[in-house]
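Colleague: Okay, so here is structure_23.cif, and as you'll see once you scroll down, it has mmCIF, C-alpha atoms, pLDDT in the B column; chains and numbers go by the auth columns.
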```
data_structure
loop_
_atom_site.group_PDB
_atom_site.id
_atom_site.type_symbol
_atom_site.label_atom_id
_atom_site.label_comp_id
_atom_site.label_asym_id
_atom_site.label_seq_id
_atom_site.Cartn_x
_atom_site.Cartn_y
_atom_site.Cartn_z
_atom_site.B_iso_or_equiv
_atom_site.auth_seq_id
_atom_site.auth_asym_id
ATOM 1 C CA MET A 1 -19.169 -2.290 14.589 98.00 109 A
ATOM 2 C CA ARG A 2 -18.393 -1.317 11.037 98.00 110 A
ATOM 3 C CA ASP A 3 -15.347 -2.433 9.069 98.00 111 A
ATOM 4 C CA THR A 4 -13.595 -1.744 5.810 98.00 112 A
ATOM 5 C CA VAL A 5 -10.533 -3.125 4.047 97.00 113 A
ATOM 6 C CA LEU A 6 -7.792 -0.509 3.711 97.00 114 A
ATOM 7 C CA ARG A 7 -5.139 -2.633 2.047 95.00 115 A
ATOM 8 C CA GLU A 8 -4.968 -6.075 0.424 93.00 116 A
ATOM 9 C CA ASP A 9 -1.457 -6.368 -1.015 89.00 117 A
ATOM 10 C CA GLY A 10 0.549 -8.844 1.068 88.00 118 A
ATOM 11 C CA GLU A 11 -0.873 -8.182 4.485 94.00 119 A
ATOM 12 C CA ARG A 12 -4.561 -7.341 4.601 96.00 120 A
ATOM 13 C CA THR A 13 -5.427 -4.319 6.753 98.00 121 A
ATOM 14 C CA PHE A 14 -8.896 -3.710 8.167 98.00 122 A
ATOM 15 C CA LEU A 15 -10.204 -0.635 9.936 98.00 123 A
ATOM 16 C CA LEU A 16 -12.845 -1.484 12.559 98.00 124 A
ATOM 17 C CA VAL A 17 -14.970 1.306 14.018 98.00 125 A
ATOM 18 C CA PHE A 18 -16.890 0.186 17.098 98.00 126 A
ATOM 19 C CA ASP A 19 -20.179 1.664 18.280 98.00 127 A
ATOM 20 C CA PRO A 20 -21.085 2.715 21.824 98.00 128 A
ATOM 21 C CA GLY A 21 -21.935 -0.368 23.882 98.00 129 A
ATOM 22 C CA ASP A 22 -20.008 -2.841 21.702 98.00 130 A
ATOM 23 C CA ARG A 23 -18.049 -5.404 23.716 98.00 131 A
ATOM 24 C CA ILE A 24 -14.454 -5.240 22.485 98.00 132 A
ATOM 25 C CA ILE A 25 -13.191 -8.817 22.899 98.00 133 A
ATOM 26 C CA GLU A 26 -16.497 -10.418 21.957 98.00 134 A
ATOM 27 C CA THR A 27 -16.860 -8.275 18.826 98.00 135 A
ATOM 28 C CA LEU A 28 -13.228 -8.627 17.767 98.00 136 A
ATOM 29 C CA THR A 29 -13.106 -12.419 18.145 98.00 137 A
ATOM 30 C CA GLY A 30 -16.430 -12.689 16.291 98.00 138 A
ATOM 31 C CA PHE A 31 -14.957 -10.587 13.477 98.00 139 A
ATOM 32 C CA ALA A 32 -11.847 -12.813 13.367 98.00 140 A
ATOM 33 C CA ALA A 33 -13.982 -15.974 13.242 98.00 141 A
ATOM 34 C CA ASP A 34 -16.287 -14.583 10.531 98.00 142 A
ATOM 35 C CA ARG A 35 -13.312 -13.531 8.372 97.00 143 A
ATOM 36 C CA GLU A 36 -11.314 -16.665 9.277 97.00 144 A
ATOM 37 C CA ILE A 37 -8.388 -14.566 10.507 98.00 145 A
ATOM 38 C CA GLY A 38 -5.854 -16.839 12.181 97.00 146 A
ATOM 39 C CA ALA A 39 -2.924 -14.428 12.553 98.00 147 A
ATOM 40 C CA ALA A 40 -3.043 -10.663 12.963 98.00 148 A
ATOM 41 C CA ARG A 41 -1.739 -7.749 14.959 98.00 149 A
ATOM 42 C CA VAL A 42 -4.186 -5.267 16.447 98.00 150 A
ATOM 43 C CA TYR A 43 -3.763 -1.665 17.547 98.00 151 A
ATOM 44 C CA GLY A 44 -6.001 1.313 18.148 98.00 152 A
ATOM 45 C CA ILE A 45 -7.423 4.141 20.228 98.00 153 A
ATOM 46 C CA GLY A 46 -10.818 5.347 21.429 98.00 154 A
ATOM 47 C CA ALA A 47 -12.778 5.317 24.666 98.00 155 A
ATOM 48 C CA VAL A 48 -14.509 2.838 26.960 98.00 156 A
ATOM 49 C CA GLN A 49 -17.490 3.130 29.281 98.00 157 A
ATOM 50 C CA GLU A 50 -15.991 0.391 31.398 98.00 158 A
ATOM 51 C CA ALA A 51 -13.187 -2.134 31.172 98.00 159 A
ATOM 52 C CA GLU A 52 -11.964 -5.176 33.059 98.00 160 A
ATOM 53 C CA LEU A 53 -8.168 -5.248 33.222 98.00 161 A
ATOM 54 C CA GLY A 54 -5.722 -7.627 34.820 98.00 162 A
ATOM 55 C CA PHE A 55 -2.130 -8.188 35.784 97.00 163 A
ATOM 56 C CA PHE A 56 -0.646 -11.688 35.819 97.00 164 A
ATOM 57 C CA ASP A 57 0.891 -12.959 39.077 97.00 165 A
ATOM 58 C CA PRO A 58 3.380 -15.696 38.088 95.00 166 A
ATOM 59 C CA GLU A 59 3.576 -17.127 41.606 95.00 167 A
ATOM 60 C CA ARG A 60 -0.187 -17.698 41.792 95.00 168 A
ATOM 61 C CA LYS A 61 -0.418 -18.428 38.053 95.00 169 A
ATOM 62 C CA ASP A 62 -3.494 -16.246 37.920 95.00 170 A
ATOM 63 C CA TYR A 63 -4.553 -12.684 37.201 97.00 171 A
ATOM 64 C CA ASP A 64 -5.473 -9.912 39.579 98.00 172 A
ATOM 65 C CA HIS A 65 -8.577 -8.225 38.120 98.00 173 A
ATOM 66 C CA TRP A 66 -9.934 -4.699 38.453 98.00 174 A
ATOM 67 C CA ASN A 67 -12.473 -2.533 36.673 98.00 175 A
ATOM 68 C CA GLU A 68 -12.059 0.914 35.221 97.00 176 A
ATOM 69 C CA GLY A 69 -14.891 3.309 34.438 97.00 177 A
ATOM 70 C CA HIS A 70 -15.117 5.798 31.581 97.00 178 A
ATOM 71 C CA SER A 71 -11.605 6.191 30.183 98.00 179 A
ATOM 72 C CA GLU A 72 -9.760 7.232 27.062 98.00 180 A
ATOM 73 C CA VAL A 73 -8.081 4.308 25.329 98.00 181 A
ATOM 74 C CA LEU A 74 -4.602 5.778 24.961 98.00 182 A
ATOM 75 C CA SER A 75 -3.220 2.589 23.455 98.00 183 A
ATOM 76 C CA LEU A 76 -4.668 -0.811 22.652 98.00 184 A
ATOM 77 C CA THR A 77 -2.321 -3.389 21.184 98.00 185 A
ATOM 78 C CA GLY A 78 -2.166 -7.139 20.770 98.00 186 A
ATOM 79 C CA ASN A 79 -2.795 -10.039 18.441 98.00 187 A
ATOM 80 C CA LEU A 80 -5.370 -12.429 17.084 98.00 188 A
ATOM 81 C CA SER A 81 -4.675 -16.146 17.256 98.00 189 A
ATOM 82 C CA VAL A 82 -6.393 -19.529 17.459 98.00 190 A
ATOM 83 C CA GLU A 83 -6.563 -21.876 20.449 97.00 191 A
ATOM 84 C CA GLY A 84 -8.088 -25.212 19.572 96.00 192 A
ATOM 85 C CA LYS A 85 -10.956 -24.138 17.317 95.00 193 A
ATOM 86 C CA GLU A 86 -11.577 -20.817 19.079 97.00 194 A
ATOM 87 C CA HIS A 87 -10.378 -17.438 17.850 98.00 195 A
ATOM 88 C CA ARG A 88 -8.567 -15.494 20.568 98.00 196 A
ATOM 89 C CA ALA A 89 -7.771 -11.822 21.033 98.00 197 A
ATOM 90 C CA HIS A 90 -4.838 -11.108 23.350 98.00 198 A
ATOM 91 C CA LEU A 91 -4.923 -7.370 24.054 98.00 199 A
ATOM 92 C CA HIS A 92 -3.233 -4.967 26.435 98.00 200 A
ATOM 93 C CA ALA A 93 -4.643 -1.511 27.096 98.00 201 A
ATOM 94 C CA VAL A 94 -3.436 1.759 28.541 98.00 202 A
ATOM 95 C CA LEU A 95 -6.415 3.786 29.758 98.00 203 A
ATOM 96 C CA GLY A 96 -6.345 7.479 30.628 98.00 204 A
ATOM 97 C CA ALA A 97 -8.428 9.043 33.400 97.00 205 A
ATOM 98 C CA THR A 98 -9.831 12.580 33.594 95.00 206 A
ATOM 99 C CA ASP A 99 -6.967 13.683 35.855 97.00 207 A
ATOM 100 C CA GLY A 100 -4.385 12.675 33.254 96.00 208 A
ATOM 101 C CA SER A 101 -3.261 9.525 35.050 98.00 209 A
ATOM 102 C CA ALA A 102 -3.024 6.232 33.193 98.00 210 A
ATOM 103 C CA ARG A 103 -3.520 2.587 34.136 97.00 211 A
ATOM 104 C CA GLY A 104 -2.954 -0.410 32.002 98.00 212 A
ATOM 105 C CA GLY A 105 -2.917 -4.167 31.813 98.00 213 A
ATOM 106 C CA HIS A 106 -4.333 -7.207 30.083 98.00 214 A
ATOM 107 C CA LEU A 107 -7.785 -6.407 28.664 98.00 215 A
ATOM 108 C CA PHE A 108 -10.296 -9.098 29.609 98.00 216 A
ATOM 109 C CA GLU A 109 -13.234 -7.142 28.214 98.00 217 A
ATOM 110 C CA GLY A 110 -14.346 -3.590 27.659 98.00 218 A
ATOM 111 C CA VAL A 111 -17.510 -1.790 26.667 98.00 219 A
ATOM 112 C CA VAL A 112 -16.948 0.903 24.053 98.00 220 A
ATOM 113 C CA GLY A 113 -17.738 4.511 24.979 98.00 221 A
ATOM 114 C CA PRO A 114 -18.255 7.002 22.147 97.00 222 A
ATOM 115 C CA THR A 115 -16.040 5.026 19.737 97.00 223 A
ATOM 116 C CA LEU A 116 -13.128 2.657 19.344 98.00 224 A
ATOM 117 C CA GLU A 117 -10.976 2.622 16.199 98.00 225 A
ATOM 118 C CA LEU A 118 -8.895 -0.493 15.626 98.00 226 A
ATOM 119 C CA PHE A 119 -6.558 -1.533 12.860 98.00 227 A
ATOM 120 C CA VAL A 120 -6.295 -5.279 12.266 98.00 228 A
ATOM 121 C CA VAL A 121 -3.318 -6.269 10.115 98.00 229 A
ATOM 122 C CA GLU A 122 -3.768 -9.861 8.972 98.00 230 A
ATOM 123 C CA ASN A 123 -1.118 -12.248 7.720 95.00 231 A
ATOM 124 C CA PRO A 124 -3.285 -14.151 5.191 93.00 232 A
ATOM 125 C CA GLY A 125 -2.809 -17.896 5.094 92.00 233 A
ATOM 126 C CA ARG A 126 -1.054 -17.974 8.476 96.00 234 A
ATOM 127 C CA VAL A 127 -2.313 -19.144 11.858 97.00 235 A
ATOM 128 C CA ILE A 128 -0.874 -18.218 15.236 97.00 236 A
ATOM 129 C CA ARG A 129 -1.590 -21.194 17.502 97.00 237 A
ATOM 130 C CA ARG A 130 -1.957 -20.979 21.274 97.00 238 A
ATOM 131 C CA GLU A 131 -1.764 -23.850 23.739 96.00 239 A
ATOM 132 C CA ARG A 132 -2.262 -23.950 27.473 95.00 240 A
ATOM 133 C CA ASP A 133 1.057 -24.165 29.358 94.00 241 A
ATOM 134 C CA GLN A 134 0.176 -25.735 32.716 93.00 242 A
ATOM 135 C CA ASP A 135 3.557 -24.893 34.271 93.00 243 A
ATOM 136 C CA ARG A 136 3.107 -21.164 33.640 94.00 244 A
ATOM 137 C CA GLY A 137 -0.682 -21.059 33.894 93.00 245 A
ATOM 138 C CA LEU A 138 -1.064 -19.248 30.569 95.00 246 A
ATOM 139 C CA SER A 139 -2.125 -19.912 26.992 95.00 247 A
ATOM 140 C CA LEU A 140 1.055 -19.278 25.027 96.00 248 A
ATOM 141 C CA ILE A 141 1.853 -18.883 21.355 96.00 249 A
ATOM 142 C CA ARG A 142 3.471 -21.991 19.906 89.00 250 A
ATOM 143 C CA PRO A 143 5.374 -21.024 16.724 83.00 251 A
#
```
For this file, write the structure as structure tokens.
Modeller:
Amino acid sequence: MRDTVLREDGERTFLLVFDPGDRIIETLTGFAADREIGAARVYGIGAVQEAELGFFDPERKDYDHWNEGHSEVLSLTGNLSVEGKEHRAHLHAVLGATDGSARGGHLFEGVVGPTLELFVVENPGRVIRRERDQDRGLSLIRP
């Protein structure tokens, strides 16, 4: 993955260009930890070789998981936060198939296909904190 700073006045904006085979969540959270980014929004497009998606079932308080093969990333959006001492990426993806259909959900992990282009817009000096909510079964933002 390569990165560059596009803007530094107020919010800092990075452009991240992933390489084939890069793991999206692993690479993005590593980037956030290295740059000490505690609060940011993320959005982008590209393609994946494979992706693990999920949909939360509130009754079970757990996710249904499924895998998608080679797909266009039609939309990837989310945020970067901190839970305990760990940097977290909470992303949702809409993936397009060769027949024009789309599927989407929570992105647990994905392996980049030809490329993935993400914009990370950081709020310098801020930290979005997450804590586990046992009643809901999720790690939630605590403003």
Colleague: Please write as number ranges by chain the full residue list that the PyMOL selection byres ((chain A and resi 111-119) around 12) yields on this file.
Modeller: A: 109-110, 120-127, 135-136, 139-140, 143, 145, 147-149, 224-234
Colleague: Expand the PyMOL selection byres ((chain A and resi 192-202) around 7) into the individual residues it matches in the shown file, reporting them as a list in words.
Modeller: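 With the PyMOL selection byres ((chain A and resi 192-202) around 7) on this model, the match is Ile133, Thr137, Ala140, Ala141, Val181, Leu182, Ser183, Leu184, Thr185, Gly186, Asn187, Leu188, Ser189, Val190, Glu191, Leu203, Gly204, Ala210, Arg211, Gly212, Gly213, His214 and Leu215 of chain A.
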Colleague: Just the selected residues (C-alpha atoms), exported as a PDB file, in the frame of the given file, please.
Modeller:
```
ATOM      1  CA  ILE A 133     -13.191  -8.817  22.899  1.00 98.00           C
ATOM      2  CA  THR A 137     -13.106 -12.419  18.145  1.00 98.00           C
ATOM      3  CA  ALA A 140     -11.847 -12.813  13.367  1.00 98.00           C
ATOM      4  CA  ALA A 141     -13.982 -15.974  13.242  1.00 98.00           C
ATOM      5  CA  VAL A 181      -8.081   4.308  25.329  1.00 98.00           C
ATOM      6  CA  LEU A 182      -4.602   5.778  24.961  1.00 98.00           C
ATOM      7  CA  SER A 183      -3.220   2.589  23.455  1.00 98.00           C
ATOM      8  CA  LEU A 184      -4.668  -0.811  22.652  1.00 98.00           C
ATOM      9  CA  THR A 185      -2.321  -3.389  21.184  1.00 98.00           C
ATOM     10  CA  GLY A 186      -2.166  -7.139  20.770  1.00 98.00           C
ATOM     11  CA  ASN A 187      -2.795 -10.039  18.441  1.00 98.00           C
ATOM     12  CA  LEU A 188      -5.370 -12.429  17.084  1.00 98.00           C
ATOM     13  CA  SER A 189      -4.675 -16.146  17.256  1.00 98.00           C
ATOM     14  CA  VAL A 190      -6.393 -19.529  17.459  1.00 98.00           C
ATOM     15  CA  GLU A 191      -6.563 -21.876  20.449  1.00 97.00           C
ATOM     16  CA  LEU A 203      -6.415   3.786  29.758  1.00 98.00           C
ATOM     17  CA  GLY A 204      -6.345   7.479  30.628  1.00 98.00           C
ATOM     18  CA  ALA A 210      -3.024   6.232  33.193  1.00 98.00           C
ATOM     19  CA  ARG A 211      -3.520   2.587  34.136  1.00 97.00           C
ATOM     20  CA  GLY A 212      -2.954  -0.410  32.002  1.00 98.00           C
ATOM     21  CA  GLY A 213      -2.917  -4.167  31.813  1.00 98.00           C
ATOM     22  CA  HIS A 214      -4.333  -7.207  30.083  1.00 98.00           C
ATOM     23  CA  LEU A 215      -7.785  -6.407  28.664  1.00 98.00           C
TER      24      LEU A 215
END
```
Colleague: If you count only C-alpha atoms, which residues fall within 9 Å of Ala205 (chain A), apart from same-chain ones fewer than 6 positions away, as a ChimeraX atom specification?
Modeller: /A:177-180,211
Colleague: Quick one: of A:Gly208, A:Gly245, A:Ile132, A:Glu239, who's nearest to Asp165 (chain A), counting all atoms listed in the file?
Modeller: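 Ranked by minimum distance to Asp165 (chain A), first place goes to A:Gly245.
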Colleague: Could you tell me how far CA of Phe163 (chain A) sits from CA of Gly221 (chain A), in Å to one decimal place?
Modeller: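 Distance reported for this atom pair: 22.8 Å.
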Colleague: Tell me, in Å to one decimal, how far CA of Phe164 (chain A) is from CA of Phe216 (chain A).
Modeller: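 That distance, rounded to one decimal, is 11.8 Å.
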Colleague: Residues within 6 Å of Ala159 (chain A), please, as a list in words. Count all atoms listed in the file; anything in the same chain fewer than 6 positions from it doesn't count.
Modeller: Asn175, Glu176, Glu217 and Gly218 of chain A
Colleague: Can you tell me how far CA of Tyr171 (chain A) sits from CA of Arg244 (chain A), in Å to one decimal?
Modeller: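 Calculated distance between CA of Tyr171 (chain A) and CA of Arg244 (chain A) is 12.0 Å.
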